[in-house]
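Asker: Below is the file input.pdb, with PDB, C-alpha atoms.
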```
MODEL        1
ATOM      1  CA  MET A 273      88.665 125.830  93.195
ATOM      2  CA  GLU A 274      85.510 124.882  95.076
ATOM      3  CA  LEU A 275      84.547 126.862  98.165
ATOM      4  CA  LEU A 276      85.108 123.977 100.597
ATOM      5  CA  GLU A 277      88.569 123.297  99.190
ATOM      6  CA  TYR A 278      89.364 127.019  99.350
ATOM      7  CA  GLU A 279      88.505 127.063 103.053
ATOM      8  CA  ARG A 280      90.874 124.118 103.631
ATOM      9  CA  VAL A 281      93.626 125.841 101.645
ATOM     10  CA  LYS A 282      93.154 129.057 103.645
ATOM     11  CA  ALA A 283      93.448 127.122 106.908
ATOM     12  CA  SER A 284      96.649 125.413 105.734
ATOM     13  CA  ILE A 285      98.207 128.703 104.626
ATOM     14  CA  LYS A 286      97.361 130.352 107.938
ATOM     15  CA  SER A 287      98.923 127.425 109.818
ATOM     16  CA  LEU A 288     102.067 127.324 107.653
ATOM     17  CA  LEU A 289     102.678 131.027 106.983
ATOM     18  CA  GLY A 290     100.590 132.943 109.497
ATOM     19  CA  ILE A 291      98.762 134.738 106.651
ATOM     20  CA  ASP A 292      94.993 135.008 107.118
ATOM     21  CA  LEU A 293      93.466 135.019 103.628
ATOM     22  CA  SER A 294      90.018 135.779 105.024
ATOM     23  CA  TYR A 295      91.049 139.460 104.867
ATOM     24  CA  TYR A 296      91.488 139.243 101.085
ATOM     25  CA  LYS A 297      88.817 139.274  98.378
ATOM     26  CA  ASP A 298      87.798 135.652  97.816
ATOM     27  CA  GLU A 299      87.329 135.582  94.057
ATOM     28  CA  GLN A 300      90.619 137.322  93.368
ATOM     29  CA  MET A 301      92.579 135.144  95.782
ATOM     30  CA  ARG A 302      91.035 131.908  94.530
ATOM     31  CA  ARG A 303      92.173 132.745  90.990
ATOM     32  CA  ARG A 304      95.683 133.488  92.215
ATOM     33  CA  LEU A 305      95.868 130.205  94.123
ATOM     34  CA  ASP A 306      94.571 128.188  91.173
ATOM     35  CA  SER A 307      97.275 129.743  89.018
ATOM     36  CA  TRP A 308      99.949 129.014  91.638
ATOM     37  CA  LEU A 309      99.031 125.336  91.901
ATOM     38  CA  VAL A 310      99.290 124.961  88.109
ATOM     39  CA  ARG A 311     102.747 126.576  88.142
ATOM     40  CA  SER A 312     103.901 124.277  90.919
ATOM     41  CA  ASN A 313     103.336 121.157  88.765
ATOM     42  CA  LYS A 314     101.596 119.441  91.692
ATOM     43  CA  SER A 315      98.404 117.485  91.159
ATOM     44  CA  SER A 316      96.635 118.628  94.335
ATOM     45  CA  TRP A 317      96.902 120.989  97.261
ATOM     46  CA  GLU A 318      97.598 118.050  99.558
ATOM     47  CA  GLU A 319     100.659 117.177  97.477
ATOM     48  CA  TYR A 320     101.726 120.814  97.320
ATOM     49  CA  PHE A 321     101.448 121.433 101.075
ATOM     50  CA  ALA A 322     103.385 118.235 101.784
ATOM     51  CA  TRP A 323     106.183 119.779  99.705
ATOM     52  CA  VAL A 324     105.871 123.186 101.385
ATOM     53  CA  ARG A 325     106.212 121.664 104.847
ATOM     54  CA  ARG A 326     109.567 120.153 103.812
ATOM     55  CA  ASP A 327     110.944 123.044 101.770
ATOM     56  CA  GLU A 328     111.641 126.388 103.420
ATOM     57  CA  GLN A 329     112.437 128.086 100.099
ATOM     58  CA  GLU A 330     109.074 127.084  98.676
ATOM     59  CA  ARG A 331     107.352 128.459 101.789
ATOM     60  CA  GLN A 332     109.078 131.791 101.116
ATOM     61  CA  ARG A 333     108.114 131.725  97.424
ATOM     62  CA  LEU A 334     104.489 131.144  98.375
ATOM     63  CA  ARG A 335     104.634 133.965 100.924
ATOM     64  CA  ASP A 336     106.138 136.312  98.329
ATOM     65  CA  TYR A 337     103.402 135.426  95.853
ATOM     66  CA  LEU A 338     100.524 135.883  98.279
ATOM     67  CA  THR A 339     101.693 139.244  99.622
ATOM     68  CA  ILE A 340     101.790 140.759  96.091
ATOM     69  CA  ASN A 341     105.050 142.706  96.104
ATOM     70  CA  VAL A 342     104.687 145.162  93.241
ATOM     71  CA  SER A 343     106.273 148.563  93.711
ATOM     72  CA  GLU A 344     108.543 151.212  92.208
ATOM     73  CA  PHE A 345     110.134 154.500  93.219
ATOM     74  CA  PHE A 346     107.792 157.533  93.136
ATOM     75  CA  ARG A 347     104.928 155.452  91.773
ATOM     76  CA  ASP A 348     102.282 157.781  90.249
ATOM     77  CA  PRO A 349     104.612 160.825  90.036
ATOM     78  CA  GLU A 350     101.813 163.400  89.987
ATOM     79  CA  ARG A 351     100.676 162.259  93.439
ATOM     80  CA  TRP A 352     104.207 162.343  94.795
ATOM     81  CA  GLN A 353     104.378 165.894  93.452
ATOM     82  CA  LEU A 354     101.334 166.734  95.592
ATOM     83  CA  LEU A 355     103.201 165.283  98.551
ATOM     84  CA  ARG A 356     106.196 167.484  97.720
ATOM     85  CA  THR A 357     104.350 170.741  97.067
ATOM     86  CA  HIS A 358     101.348 170.583  99.403
ATOM     87  CA  VAL A 359     101.448 167.931 102.102
ATOM     88  CA  LEU A 360     105.029 167.956 103.365
ATOM     89  CA  PRO A 361     105.321 171.786 103.361
ATOM     90  CA  ARG A 362     102.136 171.930 105.446
ATOM     91  CA  LEU A 363     103.517 169.359 107.881
ATOM     92  CA  ILE A 364     106.827 171.237 108.107
ATOM     93  CA  GLN A 365     104.989 174.477 108.898
ATOM     94  CA  GLU A 366     102.893 172.807 111.597
ATOM     95  CA  GLN A 367     106.001 171.188 113.047
ATOM     96  CA  ARG A 368     107.609 174.599 113.462
ATOM     97  CA  LEU A 369     104.491 176.295 114.799
ATOM     98  CA  ASN A 370     103.870 173.568 117.361
ATOM     99  CA  ARG A 371     107.566 173.037 118.095
ATOM    100  CA  ARG A 372     107.301 169.345 117.357
ATOM    101  CA  GLN A 373     110.726 167.758 117.640
ATOM    102  CA  GLN A 374     110.591 165.499 114.579
ATOM    103  CA  LEU A 375     108.222 164.540 111.778
ATOM    104  CA  ARG A 376     107.073 160.912 111.969
ATOM    105  CA  LEU A 377     106.387 159.141 108.657
ATOM    106  CA  TRP A 378     105.303 155.553 108.030
ATOM    107  CA  SER A 379     105.373 153.462 104.856
ATOM    108  CA  ALA A 380     102.808 150.748 105.664
ATOM    109  CA  GLY A 381     103.066 147.685 103.423
ATOM    110  CA  CYS A 382     106.434 148.881 102.127
ATOM    111  CA  SER A 383     107.152 145.791 100.012
ATOM    112  CA  THR A 384     110.810 145.849  98.885
ATOM    113  CA  GLY A 385     111.464 149.383 100.099
ATOM    114  CA  GLN A 386     110.950 151.643  97.082
ATOM    115  CA  GLU A 387     108.189 153.670  98.731
ATOM    116  CA  ALA A 388     110.087 154.194 101.984
ATOM    117  CA  TYR A 389     113.269 155.167 100.163
ATOM    118  CA  SER A 390     111.278 157.574  97.981
ATOM    119  CA  LEU A 391     110.099 159.253 101.190
ATOM    120  CA  ALA A 392     113.672 159.484 102.480
ATOM    121  CA  MET A 393     114.875 161.033  99.215
ATOM    122  CA  LEU A 394     112.049 163.558  99.164
ATOM    123  CA  CYS A 395     112.692 164.593 102.772
ATOM    124  CA  ASP A 396     116.372 165.085 101.966
ATOM    125  CA  GLU A 397     115.570 167.227  98.924
ATOM    126  CA  LEU A 398     113.269 169.393 101.042
ATOM    127  CA  ALA A 399     116.024 169.666 103.675
ATOM    128  CA  ILE A 400     113.653 168.723 106.507
ATOM    129  CA  ARG A 401     115.431 169.098 109.842
ATOM    130  CA  PRO A 402     115.820 167.321 112.067
ATOM    131  CA  THR A 403     115.792 164.225 109.869
ATOM    132  CA  PRO A 404     112.302 162.677 110.046
ATOM    133  CA  TYR A 405     111.674 159.310 111.649
ATOM    134  CA  ILE A 406     110.688 157.000 108.773
ATOM    135  CA  LEU A 407     109.211 153.609 109.661
ATOM    136  CA  ALA A 408     108.676 150.987 106.938
ATOM    137  CA  THR A 409     106.773 147.767 107.638
ATOM    138  CA  ASP A 410     105.666 144.717 105.706
ATOM    139  CA  LEU A 411     104.430 141.198 106.354
ATOM    140  CA  ASP A 412     106.860 139.618 103.873
ATOM    141  CA  ARG A 413     110.269 138.839 105.372
ATOM    142  CA  GLY A 414     111.782 138.223 101.947
ATOM    143  CA  ALA A 415     110.678 141.650 100.735
ATOM    144  CA  LEU A 416     112.086 143.262 103.873
ATOM    145  CA  ARG A 417     115.425 141.522 103.353
ATOM    146  CA  LYS A 418     115.703 143.051  99.886
ATOM    147  CA  ALA A 419     114.728 146.461 101.270
ATOM    148  CA  GLN A 420     117.332 146.260 104.028
ATOM    149  CA  ALA A 421     119.936 145.139 101.488
ATOM    150  CA  ARG A 422     119.169 148.367  99.548
ATOM    151  CA  GLY A 423     118.303 146.462  96.367
ATOM    152  CA  PRO A 424     118.929 145.339  93.730
ATOM    153  CA  TYR A 425     116.361 147.409  91.849
ATOM    154  CA  LEU A 426     115.758 147.045  88.107
ATOM    155  CA  ALA A 427     115.672 149.858  85.554
ATOM    156  CA  GLU A 428     111.852 149.789  85.327
ATOM    157  CA  GLU A 429     111.617 150.296  89.098
ATOM    158  CA  VAL A 430     113.485 153.611  88.889
ATOM    159  CA  ARG A 431     111.781 154.933  85.746
ATOM    160  CA  HIS A 432     110.302 157.893  87.666
ATOM    161  CA  VAL A 433     113.626 158.777  89.311
ATOM    162  CA  SER A 434     115.450 161.731  87.750
ATOM    163  CA  PRO A 435     119.089 161.453  86.578
ATOM    164  CA  LEU A 436     120.089 163.808  89.396
ATOM    165  CA  GLN A 437     118.333 161.621  91.965
ATOM    166  CA  ILE A 438     120.029 158.541  90.510
ATOM    167  CA  GLN A 439     123.367 160.257  90.910
ATOM    168  CA  SER A 440     122.611 161.517  94.425
ATOM    169  CA  TYR A 441     120.827 158.580  96.015
ATOM    170  CA  PHE A 442     121.982 155.420  94.223
ATOM    171  CA  GLU A 443     125.348 153.757  94.016
ATOM    172  CA  ALA A 444     127.164 154.148  90.717
ATOM    173  CA  GLY A 445     127.167 151.359  88.160
ATOM    174  CA  GLY A 446     123.496 150.449  87.762
ATOM    175  CA  PRO A 447     121.344 148.858  86.573
ATOM    176  CA  PRO A 448     120.628 147.004  88.708
ATOM    177  CA  TYR A 449     120.581 149.807  91.237
ATOM    178  CA  TYR A 450     121.369 149.919  94.951
ATOM    179  CA  VAL A 451     120.290 152.741  97.248
ATOM    180  CA  ARG A 452     123.186 154.501  98.935
ATOM    181  CA  GLU A 453     123.894 153.618 102.552
ATOM    182  CA  GLN A 454     123.230 157.170 103.764
ATOM    183  CA  VAL A 455     119.676 156.925 102.397
ATOM    184  CA  ALA A 456     119.064 153.500 103.931
ATOM    185  CA  GLN A 457     120.156 154.767 107.337
ATOM    186  CA  LYS A 458     117.156 157.121 107.377
ATOM    187  CA  VAL A 459     114.628 154.234 107.327
ATOM    188  CA  VAL A 460     113.700 151.740 110.054
ATOM    189  CA  PHE A 461     112.376 148.468 108.575
ATOM    190  CA  ARG A 462     110.204 146.145 110.630
ATOM    191  CA  GLU A 463     108.018 143.075 110.050
ATOM    192  CA  GLN A 464     104.337 143.728 110.698
ATOM    193  CA  ASN A 465     100.880 142.357 109.941
ATOM    194  CA  LEU A 466      98.760 145.461 109.338
ATOM    195  CA  LEU A 467      95.467 143.827 110.250
ATOM    196  CA  GLU A 468      96.563 141.996 113.380
ATOM    197  CA  ASP A 469      99.595 143.695 114.945
ATOM    198  CA  PRO A 470      99.491 146.878 117.067
ATOM    199  CA  PHE A 471     100.631 150.176 115.513
ATOM    200  CA  GLU A 472     102.936 152.906 116.688
ATOM    201  CA  GLU A 473     101.115 156.237 117.025
ATOM    202  CA  ASP A 474     101.479 159.996 116.562
ATOM    203  CA  PHE A 475     102.425 159.839 112.878
ATOM    204  CA  ASP A 476     102.296 162.942 110.709
ATOM    205  CA  LEU A 477     101.991 160.921 107.501
ATOM    206  CA  ILE A 478     101.048 157.321 106.711
ATOM    207  CA  VAL A 479     101.735 156.109 103.179
ATOM    208  CA  CYS A 480      99.849 152.906 102.310
ATOM    209  CA  ARG A 481      99.584 152.614  98.552
ATOM    210  CA  ASN A 482      98.095 149.774  96.518
ATOM    211  CA  VAL A 483      97.612 147.595  99.607
ATOM    212  CA  VAL A 484      93.999 147.965 100.737
ATOM    213  CA  ILE A 485      92.747 147.372  97.185
ATOM    214  CA  TYR A 486      93.203 143.619  97.774
ATOM    215  CA  PHE A 487      91.233 143.537 101.057
ATOM    216  CA  THR A 488      87.598 142.840 101.790
ATOM    217  CA  ASN A 489      85.396 145.775 102.796
ATOM    218  CA  GLU A 490      85.441 144.588 106.423
ATOM    219  CA  ALA A 491      89.255 144.473 106.422
ATOM    220  CA  LYS A 492      89.441 147.945 104.850
ATOM    221  CA  GLU A 493      87.183 149.370 107.546
ATOM    222  CA  LYS A 494      89.321 147.828 110.259
ATOM    223  CA  LEU A 495      92.496 149.226 108.707
ATOM    224  CA  TYR A 496      91.119 152.744 108.219
ATOM    225  CA  ARG A 497      90.153 152.886 111.887
ATOM    226  CA  LYS A 498      93.598 151.667 112.930
ATOM    227  CA  PHE A 499      95.235 154.287 110.701
ATOM    228  CA  TYR A 500      93.039 156.957 112.294
ATOM    229  CA  GLN A 501      94.323 155.980 115.740
ATOM    230  CA  ALA A 502      97.933 155.956 114.523
ATOM    231  CA  LEU A 503      97.807 159.491 113.079
ATOM    232  CA  ARG A 504      98.068 162.675 115.070
ATOM    233  CA  PRO A 505      95.228 165.203 114.560
ATOM    234  CA  GLY A 506      95.913 166.926 111.252
ATOM    235  CA  GLY A 507      98.052 164.042 109.990
ATOM    236  CA  PHE A 508      97.722 162.661 106.462
ATOM    237  CA  LEU A 509      96.889 159.254 105.000
ATOM    238  CA  PHE A 510      98.292 158.766 101.467
ATOM    239  CA  LEU A 511      96.573 155.951  99.523
ATOM    240  CA  GLY A 512      96.925 154.535  96.008
ATOM    241  CA  GLY A 513      95.252 156.214  93.058
ATOM    242  CA  THR A 514      92.349 153.739  92.913
ATOM    243  CA  GLU A 515      91.932 153.388  96.689
ATOM    244  CA  ILE A 516      89.126 155.817  97.438
ATOM    245  CA  ILE A 517      87.479 155.950 100.857
ATOM    246  CA  PRO A 518      83.757 156.293  99.923
ATOM    247  CA  HIS A 519      82.687 158.052 103.142
ATOM    248  CA  PRO A 520      85.892 159.268 104.821
ATOM    249  CA  GLN A 521      84.030 161.167 107.540
ATOM    250  CA  VAL A 522      82.826 157.829 108.951
ATOM    251  CA  TYR A 523      86.420 157.041 109.900
ATOM    252  CA  GLY A 524      87.315 160.570 111.051
ATOM    253  CA  PHE A 525      88.951 161.730 107.797
ATOM    254  CA  SER A 526      88.250 164.462 105.301
ATOM    255  CA  GLY A 527      89.468 164.532 101.706
ATOM    256  CA  PHE A 528      92.402 166.811 100.909
ATOM    257  CA  GLN A 529      93.625 166.107  97.382
ATOM    258  CA  ILE A 530      93.404 163.028  95.172
ATOM    259  CA  SER A 531      94.706 160.035  97.177
ATOM    260  CA  PHE A 532      95.182 162.112 100.354
ATOM    261  CA  TYR A 533      93.016 162.120 103.483
ATOM    262  CA  ILE A 534      93.533 164.205 106.583
ATOM    263  CA  LYS A 535      92.648 163.239 110.143
ATOM    264  CA  LYS A 536      90.222 165.821 111.429
ATOM    265  CA  ALA A 537      91.654 167.956 114.185
ATOM    266  CA  LEU A 538      89.991 167.529 117.579
TER     267      LEU A 538
ENDMDL
END
```
What is this structure when it is put down as structure tokens?
Answerer:
Amino acid sequence: MELLEYERVKASIKSLLGIDLSYYKDEQMRRRLDSWLVRSNKSSWEEYFAWVRRDEQERQRLRDYLTINVSEFFRDPERWQLLRTHVLPRLIQEQRLNRRQQLRLWSAGCSTGQEAYSLAMLCDELAIRPTPYILATDLDRGALRKAQARGPYLAEEVRHVSPLQIQSYFEAGGPPYYVREQVAQKVVFREQNLLEDPFEEDFDLIVCRNVVIYFTNEAKEKLYRKFYQALRPGGFLFLGGTEIIPHPQVYGFSGFQISFYIKKAL
């Protein structure tokens, strides 16, 4: 796709879907769009967008494709183990010392809910009381609908979930699997554009994994600064395994463990 055509396609997508592709890496996104047009069996973007304007289901398919919904429960188990053994116990201790009423956790870019539900399961296993406030947000309405419906989730999506967790937190009879209602009740799902919408604040933990990897450097910088504002002093940012902040101190963070950054206390 030529650059001029790509700019026209970006403008059409922003008008139709409200997704600003200028935040995403150009080369990567251009390849994805070229592939999508071939799959659509349309001869041009003009023909494709004429179809999209008439077909709501195709608009949703395009939205799903562009927002890259790839997730699973307890993705990268060794990092979730760090969350279990180091981060959450530290937050629980600080909550008690400072008499904070409730831990506040946020799954940012939650996709179809696996990450947020993993948080809810982990908090239940650690018997955190009172029950933490868990917010889960995503730009993709279709992904949020699946999350709010508690599934279905395929066998490969629960490959890091233990048999005991399957028994405790999922309805019997899978695969496919559905999260139990009592787990779903612990999570608040909400539509949100991370780069454009305002954030809630005073979070103890923000989990945003395998999201910023697709963004331009300018978009990453903007998001890190917004995350800083949304965290309380001493709160943690949990990123994907390949999402390293080169100079975390520039944004007010210090490294803690692999994938974890802590907001410096004032």
Asker: Evaluate the PyMOL selection byres ((chain A and resi 526) around 12) here and jot the selected residues down as a tab-separated table (two decimals) with C-alpha atoms, in the frame of the given file.
Answerer:
```
chain	number	residue	atom	x	y	z
A	500	TYR	CA	93.04	156.96	112.29
A	505	PRO	CA	95.23	165.20	114.56
A	506	GLY	CA	95.91	166.93	111.25
A	507	GLY	CA	98.05	164.04	109.99
A	508	PHE	CA	97.72	162.66	106.46
A	509	LEU	CA	96.89	159.25	105.00
A	516	ILE	CA	89.13	155.82	97.44
A	517	ILE	CA	87.48	155.95	100.86
A	518	PRO	CA	83.76	156.29	99.92
A	519	HIS	CA	82.69	158.05	103.14
A	520	PRO	CA	85.89	159.27	104.82
A	521	GLN	CA	84.03	161.17	107.54
A	522	VAL	CA	82.83	157.83	108.95
A	523	TYR	CA	86.42	157.04	109.90
A	524	GLY	CA	87.32	160.57	111.05
A	525	PHE	CA	88.95	161.73	107.80
A	527	GLY	CA	89.47	164.53	101.71
A	528	PHE	CA	92.40	166.81	100.91
A	529	GLN	CA	93.62	166.11	97.38
A	530	ILE	CA	93.40	163.03	95.17
A	531	SER	CA	94.71	160.04	97.18
A	532	PHE	CA	95.18	162.11	100.35
A	533	TYR	CA	93.02	162.12	103.48
A	534	ILE	CA	93.53	164.20	106.58
A	535	LYS	CA	92.65	163.24	110.14
A	536	LYS	CA	90.22	165.82	111.43
A	537	ALA	CA	91.65	167.96	114.18
```
Asker: Measuring atom to atom with only C-alpha atoms, identify which of A:Leu363, A:Val433, A:Leu407, A:Leu338 is nearest to Gln300 in chain A.
Answerer: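 The shortest atom-to-atom distance to Gln300 in chain A comes from A:Leu338.
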Asker: Considering only C-alpha atoms, state which residue in the set A:Glu330, A:Glu473, A:Glu515, A:Glu277 is at the smallest distance from Arg376 in chain A.
Answerer: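 Among the listed residues, the smallest separation from Arg376 in chain A belongs to A:Glu473.
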Asker: Restricting the calculation to all atoms listed in the file: of A:Met393, A:Ala456, A:Leu375, A:Ala491, which residue gets closest to Gly423 in chain A?
Answerer: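 Checking each candidate against Gly423 in chain A, we get A:Ala456 as the closest.
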Asker: So, with only C-alpha atoms as the atoms that count, which of A:Phe487, A:Tyr389, A:Trp308, A:Phe499 lies closest to Ser294 in chain A?
Answerer: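 With only C-alpha atoms as the atom set, the closest residue is A:Phe487.
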Asker: Running the PyMOL selection byres ((chain A and resi 412-419) around 10) on this model by hand, what would come out? Give it as a PyMOL selection string.
Answerer: chain A and resi 291+332-333+335-341+381-386+388-389+408-411+420-425+450-451+456+459+461-465
Asker: Quick one: residues within 9 Å of Ile438 in chain A, only C-alpha atoms counted, chain neighbours fewer than 6 positions away excluded, as a JSON list (two decimals) with C-alpha atoms, keeping the file's coordinate frame?
Answerer:
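Generated file (part-v5.json):
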```
[["chain", "number", "residue", "atom", "x", "y", "z"],
["A", 430, "VAL", "CA", 113.48, 153.61, 88.89],
["A", 444, "ALA", "CA", 127.16, 154.15, 90.72],
["A", 449, "TYR", "CA", 120.58, 149.81, 91.24],
["A", 451, "VAL", "CA", 120.29, 152.74, 97.25]]
```
Asker: As an exercise, work out the distance from CA of Tyr486 in chain A to CA of Asp292 in chain A in Å and give it to one decimal place.
Answerer: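 Answer for the CA of Tyr486 in chain A to CA of Asp292 in chain A separation: 12.8 Å.
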Asker: Find the residues near range 316-321 of chain A: any atom within 9 Å, counting only C-alpha atoms, skip ones fewer than 3 places away on the same chain, and give them as a ChimeraX atom specification.
Answerer: /A:277,281,284-285,288,309,312-313,324-326
Asker: Using the chain letters and numbers from the file, give me the residues hit by the PyMOL selection byres ((chain A and resi 495) around 12), as a ChimeraX atom specification.
Answerer: /A:295,380-381,465-471,478,480,483-485,487-494,496-502,509,517,523
Asker: What is the distance, in Å and to one decimal place, between CA of Leu293 in chain A and CA of Phe510 in chain A?
Answerer: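 Pair CA of Leu293 in chain A / CA of Phe510 in chain A returns 24.3 Å.
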Asker: Quote the spacing between CA of Ala392 in chain A and CA of Val455 in chain A in Å to one decimal place.
Answerer: 6.5 Å
Asker: Using all atoms listed in the file, which residue out of A:Val479, A:Leu289, A:Val342, A:Ile364 lies closest to Ile400 in chain A?
Answerer: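 For Ile400 in chain A, the nearest of the given residues is A:Ile364.
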Asker: So which one's closest to Gln454 in chain A, A:Ser434, A:Leu355, A:Tyr441, A:Glu299? Using all atoms listed in the file, please.
Answerer: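 Of all the options, A:Tyr441 lies closest to Gln454 in chain A.
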